Amino acid sequence: MTRRINKVAVLGSGIMGSRIACHFANIGVQVILLDIVPRELTDGEQKKGLTLEDKVVRNRIVQQSLDTAVKSKPAPLYHKSFVSRIFLGNFSDDMERIKDCDWIIEVVVENLDIKKKIFDQVEQFREPGTLITSNTSGIPINFMLEGRSEDFQQHFCGTHFFNPPRYLKLLEIIPTPKTDPEIVDFFMHYGDLYLGKTTVLCKDTPAFIANRVGIYAILKVIDSMQKLDMNVDEIDKLTGPVIGRPKSATFRTSDVVGLDTLIKVANGLYQGLPNDEARDTFKLPEVVGKLEENKWLGDKTNQGFYKKTKVDGKTQILTLDLETLEYQPKQKAKFATLELTKTIDNLKERFKVLFSGKDKAGEFYRDSFYALFKYVTNRIPEIADELYKIDDAICAGFGWEIGPFETWDAVGIRKTVGKMEEMGYKPNQWVYDMLDAGIESFYTAKDGVRHYYDIGSNVYKAVPGAEEYVILDNIRETKVVWSNSGATIFDLGDEVLGIEFHTKMNTLGGEVVEGINKAIDMAEKDYRGLVIGNQGAQFSAGANLGMVFMYAIEQEFDEVDFMIRHFQNTVMRVRYSSVPIVVAPHGLTLGGGCEMTMHADKVQAASETYIGLVEVGVGLIPGGGGTKELAKRVSDGLETGDVELNALQNAFMNIATAKVATSAHEAVDMNILRAQDNITINKDRQIADAKETVLELANAGYTQPIQATNIKVQGKTGMALFMAGVSGMRMGNYISDHDLKIAEKIAYVMCGGDLSYPHEVSEQYLLDLEREAFLSLTGEKKTLERIQSILTGGKPLRN
C-alpha cells in the first residue's frame, strides 16, 4: 500500500499541538487542529452578548492557542500565509472531521485517563487503516493500547516531536509490540523526507532516548559544577558553542525551556528508573528545589538562573549565585584552556585540547564527559540496540553538533578508558571487548557511507538510510580532488563536483574565491556540473571584512578595487559558465553568500535559510552583484517591459534596510530566491538534492546563458522617488546622515546612474556602478567605524 499524507488531525492545541500543526502546514499538508470547548464565557464575550453555543466561543481556546503560536518567536511557520492551511475546531463539534484524515496525532495533556477519553472519541470516527500516534514524552506508549481495537493497535505508535518542532530536528518513533512494522518504516521515512527530521527508532523506556540522556547530561553538569565549586556564568561559558552546543548552553537553556519542565522530567526519571545505576543523578539538587519554591522558573516567571533588570535605563543581565540565591552582575568567565582553543575551528580537534586542560575547565570537562560516556555505554541495549541512535537523538533533540560516542571517538577511546577508571567512571564491558578486538572507534566511513560499531556482531555496519545522503566528512578521505586553506573540492560522483568553504563563519576571502574559480575550471573541463555548498553551521556570513578594512585603513584602494572586481567576476562565472552550477545555501547566508546564491543556475536552499543583503549594516552596499541582480530581477519580472516603481522600491528597501529572510519561503517573497528554485526540508539531504538538480539541468541539455544587455532602469525619475522617501526618513530621525548617503548610492546603482530618462543597460554597466559605489564608501570614516565595530565586538554600529 502506498501511503500519502494529505490531511492531518492534531488533537490538542497547546504549545506543542499548535506548533506541530504549524509545521505540517509548512510542508503543504492540510491540518485540522482541535481542542476542548470552554466551560464559561469571558467578560469580553459576555459584553458582546455571546453564548456558550456560539462558534467563536466554542473555538476560543484553539483560536487563541494558534494565534499565540503564530505570533511567537522564533516563528513556527515558514511563511505567515501558511496558517490558512490550518482548520480550527473543537472535540465536541468537529471530531467527525478526522474520518478524512490520513494521520491523527494526539497532543493533549500528559494524563493517561484524558488520553484514553480522546482515543474513545477517535475510535468512533477514525477510518480503518488511518495512522494514529501520541506525542507523549512521559507516558509509556503501551499503556495507551488498553481497550483499543485491533486495527487501532496495528496503526498506533508514539511520535515524539521536540519543541519547537520547526527548529529541533528530532522525531522519536516509539512502536509497541502490536505496531505493524510497515507503519514503523513509513514513519521513519516520512519524518525524514517530508518533515525534515532525524527520525530515531526508540524503545518504550522512560523518556525514550534523547530526554533520558540529555537530562542526565544536564544534571551531571550541575553535579560537576558543585563538586568543583564553579558558578553559573562559568558553566554556561564552558557548555555552549565551544563544545558544539547552542549559545544558550546549560542554564540559559533551562530558563528558556522552563525549570519546571526539567524538574518534571527529572522527577519522572528518578521515580521510573529504580534500577538505573546513576539514579541518584536524577535526584534534583537542593538549589533547584529552592528555585521551584520561589517560582523562579526562567523566562516564564521573568527570572530563573538569569534575570533581566534595568539599570540607568539600560538592560542588564544578572546571574543567580547558587550559594546565596542572590542575583549579581554577570561575570566574564576566563579559563586558560579556552584561550588555547580560540584558533581551533574544528570541533573534534578542540575537544582534545579541552579534555587535556590543566585548569578547572579541564577538570570539569573530564568529570562531566567521562560520566556521560559511562552512562551511555550502560544504556545499550536498554534504550537502544545501536549506539548511533543515542548520538542521533541527542544531537537532533538538544542541538549538539556531535553526540557522546562521536565525542569519545574524537578524544580517543583507548586513551581515555584508563583515566575514566581512575575517576570512578568505568564504562560497560562491551567497550573493552571492542578494544580487545582491535576496533578503536565507534564510527568509520566506508565508500562514503557512515558505519557504526555493532555491539552484537562486533563488526561495523552501515547506518540504515545513510547511502541516501552525501555527507562531506564521510568522503573527505577518498573524494577530495583539490583543496587550499579555505576551500575543498570533492568528486560527488556521477561527474559532478562539489566545493565547500571552511573558513571562520565560511566567510568569502581570497582562498574561497580561488577555490570557486578552480572548481568552475575543473567542472567545465572534465565534469557535468558543480554544487557550491557546505555542511557547516552557516553557509556563509559574507565577505572577509577584515581584508576590506585593512586595505581601506591603509588607503590601498587599488587593492579594494581588485578584490571587488575579482569577486564580481567570480559571481558572474557562477551564472555564466558552460556547465550548470547549483548553490545550496542554509543557515546564515549573508552579503556575498547571498550574492553567490542569487547567481546560481538553480538554488537548492535549505528551508532554514536566513538570507539577505546586509552590507548597509557595515556602511557599504552589495558589491558582488547583489544590487545589480535585484534591479535585473525587477526588470525581468515585468512582461510589459515597463519597470514598475513599486517593485523596484521593494527591492531597494530590502537592501537599504538590510532585510534578512527568516526562511527560504520568505526569500522567494523578497525576490532573492526564484519560484523555480528548490527547497530541501531536511538539511542532511541538501547536498544530495543539489547534485540531483545539477544532473537534471545537465540532462535537460544545459546551454551557457548570455549576459543581459536589456535591463530597464529608471534613471533620475526613479532616483527622485527613492530619495523623497529616504529624505523623509532622515527628517524623522529614523536614519542617520550616513544611512542617507548609503541609500543614495544604492538608488544610484539600481536606477542606472545619472540617466535623464528610463534606459536599457547591461549587467556589466550596473556592476561597474556597483563597484564604484562600494569603493567610494570604503573611503568614508563612518563606514570604517561600522566595519571596526563588527570586527572587534560583533555588534552593528549606528552612526
# chains A, B, ... in the order shown; residues from 1 in each chain; ligands from 1

call {"tool": "closest_atom_pairs", "arguments": {"of": "stretch 627-683 of chain A", "to": "stretch 702-724 of chain A", "cutoff": "10 Å", "atoms": "only C-alpha atoms", "output": "Markdown table"}}
result
| residue | atom | partner | partner_atom | distance |
| --- | --- | --- | --- | --- |
| A:Lys628 | CA | A:Ile711 | CA | 9.5 |
| A:Glu629 | CA | A:Ile711 | CA | 9.9 |
| A:Ala631 | CA | A:Val713 | CA | 7.6 |
| A:Lys632 | CA | A:Ile711 | CA | 5.7 |
| A:Arg633 | CA | A:Ile711 | CA | 8.7 |
| A:Val634 | CA | A:Lys712 | CA | 8.7 |
| A:Ser635 | CA | A:Lys712 | CA | 5.6 |
| A:Asp636 | CA | A:Ile711 | CA | 7.4 |
| A:Leu638 | CA | A:Lys712 | CA | 9.8 |
| A:Gly641 | CA | A:Lys712 | CA | 7.6 |
| A:Asp642 | CA | A:Lys712 | CA | 7.7 |
| A:Val643 | CA | A:Lys712 | CA | 6.6 |
| A:Glu644 | CA | A:Gln714 | CA | 9.6 |
| A:Leu645 | CA | A:Gly718 | CA | 7.1 |
| A:Leu648 | CA | A:Gly718 | CA | 8.6 |
| A:Gln649 | CA | A:Phe722 | CA | 7.0 |
| A:Phe652 | CA | A:Phe722 | CA | 8.1 |
| A:Met653 | CA | A:Phe722 | CA | 9.2 |

call {"tool": "write_last_selection", "arguments": {"atoms": "all heavy atoms", "output": "CSV table (one decimal), in the first residue's frame"}}
result
chain,number,residue,atom,x,y,z
A,628,LYS,N,23.0,44.9,-8.5
A,628,LYS,CA,22.7,44.7,-9.9
A,628,LYS,C,21.6,43.6,-10.1
A,628,LYS,O,20.7,43.8,-10.9
A,628,LYS,CB,24.0,44.3,-10.6
A,628,LYS,CG,23.8,43.9,-12.1
A,628,LYS,CD,23.5,42.4,-12.4
A,628,LYS,CE,24.5,41.4,-11.9
A,628,LYS,NZ,24.0,40.0,-12.2
A,629,GLU,N,21.7,42.5,-9.4
A,629,GLU,CA,20.8,41.4,-9.6
A,629,GLU,C,19.4,41.7,-9.2
A,629,GLU,O,18.5,41.3,-9.9
A,629,GLU,CB,21.4,40.1,-8.9
A,629,GLU,CG,20.6,38.9,-9.2
A,629,GLU,CD,20.6,38.4,-10.6
A,629,GLU,OE1,21.5,38.9,-11.4
A,629,GLU,OE2,19.7,37.6,-11.0
A,631,ALA,N,18.0,44.6,-9.3
A,631,ALA,CA,17.5,45.5,-10.3
A,631,ALA,C,17.1,44.7,-11.6
A,631,ALA,O,16.1,44.9,-12.2
A,631,ALA,CB,18.5,46.6,-10.7
A,632,LYS,N,18.0,43.8,-11.9
A,632,LYS,CA,17.7,42.9,-13.1
A,632,LYS,C,16.5,42.1,-12.9
A,632,LYS,O,15.7,41.9,-13.8
A,632,LYS,CB,18.9,42.0,-13.3
A,632,LYS,CG,18.8,41.0,-14.5
A,632,LYS,CD,20.0,40.2,-14.7
A,632,LYS,CE,19.9,39.2,-15.9
A,632,LYS,NZ,18.8,38.2,-15.7
A,633,ARG,N,16.3,41.5,-11.7
A,633,ARG,CA,15.1,40.7,-11.5
A,633,ARG,C,13.8,41.5,-11.6
A,633,ARG,O,12.8,40.9,-12.0
A,633,ARG,CB,15.2,40.0,-10.1
A,633,ARG,CG,16.3,38.9,-10.2
A,633,ARG,CD,16.4,38.0,-8.9
A,633,ARG,NE,17.4,37.1,-9.0
A,633,ARG,CZ,17.6,36.0,-8.2
A,633,ARG,NH1,16.8,35.9,-7.2
A,633,ARG,NH2,18.6,35.2,-8.4
A,634,VAL,N,13.8,42.7,-11.1
A,634,VAL,CA,12.6,43.5,-11.2
A,634,VAL,C,12.4,43.8,-12.7
A,634,VAL,O,11.2,43.6,-13.2
A,634,VAL,CB,12.8,44.9,-10.5
A,634,VAL,CG1,11.7,45.8,-10.8
A,634,VAL,CG2,12.9,44.6,-9.0
A,635,SER,N,13.4,44.1,-13.5
A,635,SER,CA,13.2,44.3,-14.9
A,635,SER,C,12.8,43.0,-15.6
A,635,SER,O,11.8,43.1,-16.4
A,635,SER,CB,14.6,44.7,-15.5
A,635,SER,OG,14.5,44.9,-16.9
A,636,ASP,N,13.3,41.9,-15.3
A,636,ASP,CA,13.0,40.6,-15.9
A,636,ASP,C,11.5,40.2,-15.6
A,636,ASP,O,10.9,39.5,-16.4
A,636,ASP,CB,13.9,39.5,-15.4
A,636,ASP,CG,15.3,39.6,-15.9
A,636,ASP,OD1,15.5,40.4,-16.9
A,636,ASP,OD2,16.2,38.8,-15.4
A,638,LEU,N,8.8,41.9,-15.4
A,638,LEU,CA,7.7,42.7,-15.9
A,638,LEU,C,7.5,42.4,-17.4
A,638,LEU,O,8.3,42.7,-18.2
A,638,LEU,CB,8.0,44.2,-15.7
A,638,LEU,CG,8.2,44.5,-14.2
A,638,LEU,CD1,9.0,45.7,-14.0
A,638,LEU,CD2,6.9,44.6,-13.5
A,641,GLY,N,7.5,45.3,-20.0
A,641,GLY,CA,8.7,46.0,-20.3
A,641,GLY,C,8.8,47.3,-19.6
A,641,GLY,O,9.8,48.0,-19.6
A,642,ASP,N,7.7,47.7,-18.9
A,642,ASP,CA,7.7,49.0,-18.1
A,642,ASP,C,8.0,48.6,-16.7
A,642,ASP,O,7.3,47.9,-16.0
A,642,ASP,CB,6.4,49.7,-18.2
A,642,ASP,CG,6.1,50.2,-19.6
A,642,ASP,OD1,7.0,50.6,-20.3
A,642,ASP,OD2,4.9,50.1,-20.0
A,643,VAL,N,9.2,49.1,-16.2
A,643,VAL,CA,9.5,48.8,-14.8
A,643,VAL,C,8.5,49.4,-13.9
A,643,VAL,O,8.3,50.6,-13.9
A,643,VAL,CB,10.9,49.3,-14.5
A,643,VAL,CG1,11.2,49.2,-13.0
A,643,VAL,CG2,12.0,48.6,-15.3
A,644,GLU,N,7.9,48.6,-13.0
A,644,GLU,CA,7.0,49.1,-12.0
A,644,GLU,C,7.8,49.6,-10.8
A,644,GLU,O,8.6,48.9,-10.2
A,644,GLU,CB,6.0,48.0,-11.6
A,644,GLU,CG,5.0,48.5,-10.6
A,644,GLU,CD,4.0,47.5,-10.3
A,644,GLU,OE1,3.7,46.6,-11.1
A,644,GLU,OE2,3.4,47.6,-9.2
A,645,LEU,N,7.6,50.9,-10.5
A,645,LEU,CA,8.5,51.5,-9.5
A,645,LEU,C,8.2,50.9,-8.1
A,645,LEU,O,9.1,50.9,-7.3
A,645,LEU,CB,8.2,53.0,-9.4
A,645,LEU,CG,8.8,53.8,-10.6
A,645,LEU,CD1,8.3,55.2,-10.7
A,645,LEU,CD2,10.3,53.7,-10.6
A,648,LEU,N,10.5,48.0,-7.8
A,648,LEU,CA,11.9,48.4,-7.7
A,648,LEU,C,12.1,49.0,-6.3
A,648,LEU,O,13.1,48.9,-5.6
A,648,LEU,CB,12.2,49.5,-8.7
A,648,LEU,CG,13.7,49.8,-9.0
A,648,LEU,CD1,14.4,48.5,-9.4
A,648,LEU,CD2,13.8,50.9,-10.0
A,649,GLN,N,11.1,49.7,-5.8
A,649,GLN,CA,11.1,50.3,-4.4
A,649,GLN,C,11.3,49.2,-3.4
A,649,GLN,O,12.0,49.3,-2.4
A,649,GLN,CB,9.8,51.1,-4.2
A,649,GLN,CG,9.7,51.6,-2.7
A,649,GLN,CD,10.3,53.0,-2.6
A,649,GLN,OE1,10.9,53.6,-3.5
A,649,GLN,NE2,10.2,53.6,-1.4
A,652,PHE,N,14.8,48.0,-3.5
A,652,PHE,CA,15.6,49.0,-2.9
A,652,PHE,C,15.6,48.9,-1.4
A,652,PHE,O,16.6,49.0,-0.7
A,652,PHE,CB,15.2,50.4,-3.4
A,652,PHE,CG,15.8,51.5,-2.6
A,652,PHE,CD1,17.1,52.0,-2.8
A,652,PHE,CD2,15.0,52.2,-1.7
A,652,PHE,CE1,17.6,53.0,-2.1
A,652,PHE,CE2,15.5,53.3,-1.0
A,652,PHE,CZ,16.8,53.7,-1.2
A,653,MET,N,14.4,48.8,-0.8
A,653,MET,CA,14.2,48.8,0.6
A,653,MET,C,14.8,47.5,1.3
A,653,MET,O,15.3,47.5,2.4
A,653,MET,CB,12.7,48.9,1.0
A,653,MET,CG,12.1,50.3,0.7
A,653,MET,SD,13.0,51.6,1.6
A,653,MET,CE,12.6,51.3,3.3

call {"tool": "select_by_dssp", "arguments": {"residues": "stretch 407-562 of chain A", "states": "alpha helix (DSSP H)", "output": "number ranges by chain"}}
result
A: 407-411, 413-422, 429-436, 472-475, 510-526, 545-553, 557-562

call {"tool": "select_by_dssp", "arguments": {"residues": "stretch 585-682 of chain A", "states": "strand (DSSP E or B)", "output": "list in words"}}
result
Gly587, Leu588, Thr589, Leu590, Lys602, Val603, Gln604, Ala605, Ala606, Thr609, Tyr610, Ile611, Gly612, Val660, Asn678, Ile679 and Thr680 of chain A

call {"tool": "residues_around", "arguments": {"residues": "A:Ala743", "least_positions_apart": "4", "cutoff": "7 Å", "atoms": "only C-alpha atoms", "output": "PyMOL selection string"}}
result
chain A and resi 656+739+747

call {"tool": "residues_around", "arguments": {"residues": "stretch 463-468 of chain A", "least_positions_apart": "2", "cutoff": "9 Å", "atoms": "only C-alpha atoms", "output": "ChimeraX atom specification"}}
result
/A:388,448-452,461,470-471,685,688

call {"tool": "residues_around", "arguments": {"residues": "A:Leu259", "least_positions_apart": "6", "cutoff": "9 Å", "atoms": "only C-alpha atoms", "output": "MDAnalysis selection string"}}
result
chainID A and resid 288 291:292 296:298 304

call {"tool": "write_last_selection", "arguments": {"atoms": "all heavy atoms", "output": "mmCIF file, in the first residue's frame"}}
result
data_model
loop_
_atom_site.group_PDB
_atom_site.id
_atom_site.type_symbol
_atom_site.label_atom_id
_atom_site.label_comp_id
_atom_site.auth_asym_id
_atom_site.auth_seq_id
_atom_site.Cartn_x
_atom_site.Cartn_y
_atom_site.Cartn_z
ATOM 1 N N VAL A 288 17.812 23.518 43.169
ATOM 2 C CA VAL A 288 16.732 23.505 42.184
ATOM 3 C C VAL A 288 15.377 23.502 42.897
ATOM 4 O O VAL A 288 14.427 24.174 42.475
ATOM 5 C CB VAL A 288 16.863 22.285 41.254
ATOM 6 C CG1 VAL A 288 15.653 22.177 40.331
ATOM 7 C CG2 VAL A 288 18.137 22.387 40.425
ATOM 8 N N LEU A 291 14.609 27.025 43.925
ATOM 9 C CA LEU A 291 14.141 27.828 42.796
ATOM 10 C C LEU A 291 12.676 27.529 42.502
ATOM 11 O O LEU A 291 11.889 28.437 42.187
ATOM 12 C CB LEU A 291 14.996 27.558 41.553
ATOM 13 C CG LEU A 291 16.152 28.523 41.287
ATOM 14 C CD1 LEU A 291 17.203 28.442 42.384
ATOM 15 C CD2 LEU A 291 16.791 28.260 39.939
ATOM 16 N N GLU A 292 12.313 26.260 42.608
ATOM 17 C CA GLU A 292 10.913 25.872 42.371
ATOM 18 C C GLU A 292 10.009 26.499 43.436
ATOM 19 O O GLU A 292 8.929 27.020 43.118
ATOM 20 C CB GLU A 292 10.790 24.353 42.380
ATOM 21 C CG GLU A 292 9.389 23.860 42.029
ATOM 22 C CD GLU A 292 9.276 22.351 42.056
ATOM 23 O OE1 GLU A 292 10.048 21.696 42.788
ATOM 24 O OE2 GLU A 292 8.389 21.824 41.353
ATOM 25 N N TRP A 296 11.003 30.695 40.619
ATOM 26 C CA TRP A 296 12.000 31.275 39.723
ATOM 27 C C TRP A 296 12.253 30.237 38.634
ATOM 28 O O TRP A 296 13.255 29.532 38.637
ATOM 29 C CB TRP A 296 13.286 31.602 40.471
ATOM 30 C CG TRP A 296 13.121 32.667 41.524
ATOM 31 C CD1 TRP A 296 12.018 33.427 41.761
ATOM 32 C CD2 TRP A 296 14.103 33.078 42.486
ATOM 33 N NE1 TRP A 296 12.234 34.292 42.800
ATOM 34 C CE2 TRP A 296 13.510 34.106 43.269
ATOM 35 C CE3 TRP A 296 15.410 32.693 42.762
ATOM 36 C CZ2 TRP A 296 14.192 34.731 44.308
ATOM 37 C CZ3 TRP A 296 16.108 33.321 43.792
ATOM 38 C CH2 TRP A 296 15.499 34.327 44.558
ATOM 39 N N LEU A 297 11.335 30.162 37.692
ATOM 40 C CA LEU A 297 11.332 29.058 36.724
ATOM 41 C C LEU A 297 11.930 29.419 35.372
ATOM 42 O O LEU A 297 11.914 28.617 34.449
ATOM 43 C CB LEU A 297 9.897 28.543 36.531
ATOM 44 C CG LEU A 297 9.168 28.094 37.810
ATOM 45 C CD1 LEU A 297 7.746 27.684 37.501
ATOM 46 C CD2 LEU A 297 9.927 26.953 38.487
ATOM 47 N N GLY A 298 12.436 30.651 35.255
ATOM 48 C CA GLY A 298 13.018 31.054 33.975
ATOM 49 C C GLY A 298 12.218 32.162 33.326
ATOM 50 O O GLY A 298 11.566 32.973 34.000
ATOM 51 N N GLY A 304 15.107 33.230 36.658
ATOM 52 C CA GLY A 304 15.461 31.839 36.906
ATOM 53 C C GLY A 304 16.925 31.828 37.284
ATOM 54 O O GLY A 304 17.320 32.450 38.270
#

call {"tool": "closest_atom_pairs", "arguments": {"of": "stretch 454-486 of chain A", "to": "stretch 499-514 of chain A", "cutoff": "10 Å", "atoms": "only C-alpha atoms", "output": "Markdown table"}}
result
| residue | atom | partner | partner_atom | distance |
| --- | --- | --- | --- | --- |
| A:Leu472 | CA | A:Glu500 | CA | 8.6 |
| A:Val480 | CA | A:Ile499 | CA | 9.6 |
| A:Val481 | CA | A:Ile499 | CA | 10.0 |
| A:Trp482 | CA | A:Ile499 | CA | 9.3 |
| A:Ser483 | CA | A:Ile499 | CA | 9.1 |
| A:Asn484 | CA | A:Glu511 | CA | 6.8 |
| A:Ser485 | CA | A:Glu511 | CA | 6.6 |
| A:Gly486 | CA | A:Glu511 | CA | 5.0 |

call {"tool": "residues_around", "arguments": {"residues": "A:Thr680", "least_positions_apart": "4", "cutoff": "6 Å", "atoms": "only C-alpha atoms", "output": "compact mmCIF listing (two decimals) with all heavy atoms, in the first residue's frame"}}
result
# COMPACT_ATOMS: atom_id res chain seq x y z
N ALA A 606 18.11 25.14 1.79
CA ALA A 606 17.51 24.50 2.96
C ALA A 606 16.33 25.37 3.38
O ALA A 606 16.35 26.60 3.23
CB ALA A 606 18.52 24.39 4.09
N SER A 607 15.29 24.74 3.91
CA SER A 607 14.13 25.53 4.35
C SER A 607 14.55 26.55 5.40
O SER A 607 14.04 27.67 5.43
CB SER A 607 13.03 24.61 4.90
OG SER A 607 13.56 23.78 5.92
N GLN A 686 20.56 17.89 1.67
CA GLN A 686 20.68 19.04 0.76
C GLN A 686 21.74 18.85 -0.32
O GLN A 686 21.49 19.16 -1.50
CB GLN A 686 20.97 20.31 1.57
CG GLN A 686 20.91 21.57 0.74
CD GLN A 686 21.26 22.80 1.54
OE1 GLN A 686 21.81 22.72 2.64
NE2 GLN A 686 20.98 23.97 0.99

call {"tool": "closest_residue", "arguments": {"among": "A:Met16, A:Leu33, A:Leu354, A:Val311", "to": "A:Asn135", "atoms": "only C-alpha atoms"}}
result
A:Met16

call {"tool": "residues_around", "arguments": {"residues": "A:Gln154", "least_positions_apart": "5", "cutoff": "6 Å", "atoms": "only C-alpha atoms", "output": "number ranges by chain"}}
result
A: 178-180

call {"tool": "atom_distance", "arguments": {"atom1": "atom CA of A:Asp100", "atom2": "atom CA of A:Arg85"}}
result
15.1 Å

call {"tool": "closest_residue", "arguments": {"among": "A:Leu170, A:Val583, A:Ile679, A:Val749", "to": "A:Thr198", "atoms": "only C-alpha atoms"}}
result
A:Leu170

call {"tool": "closest_residue", "arguments": {"among": "A:Asp391, A:Glu127, A:Asp299, A:Glu382", "to": "A:Gly214", "atoms": "only C-alpha atoms"}}
result
A:Asp391
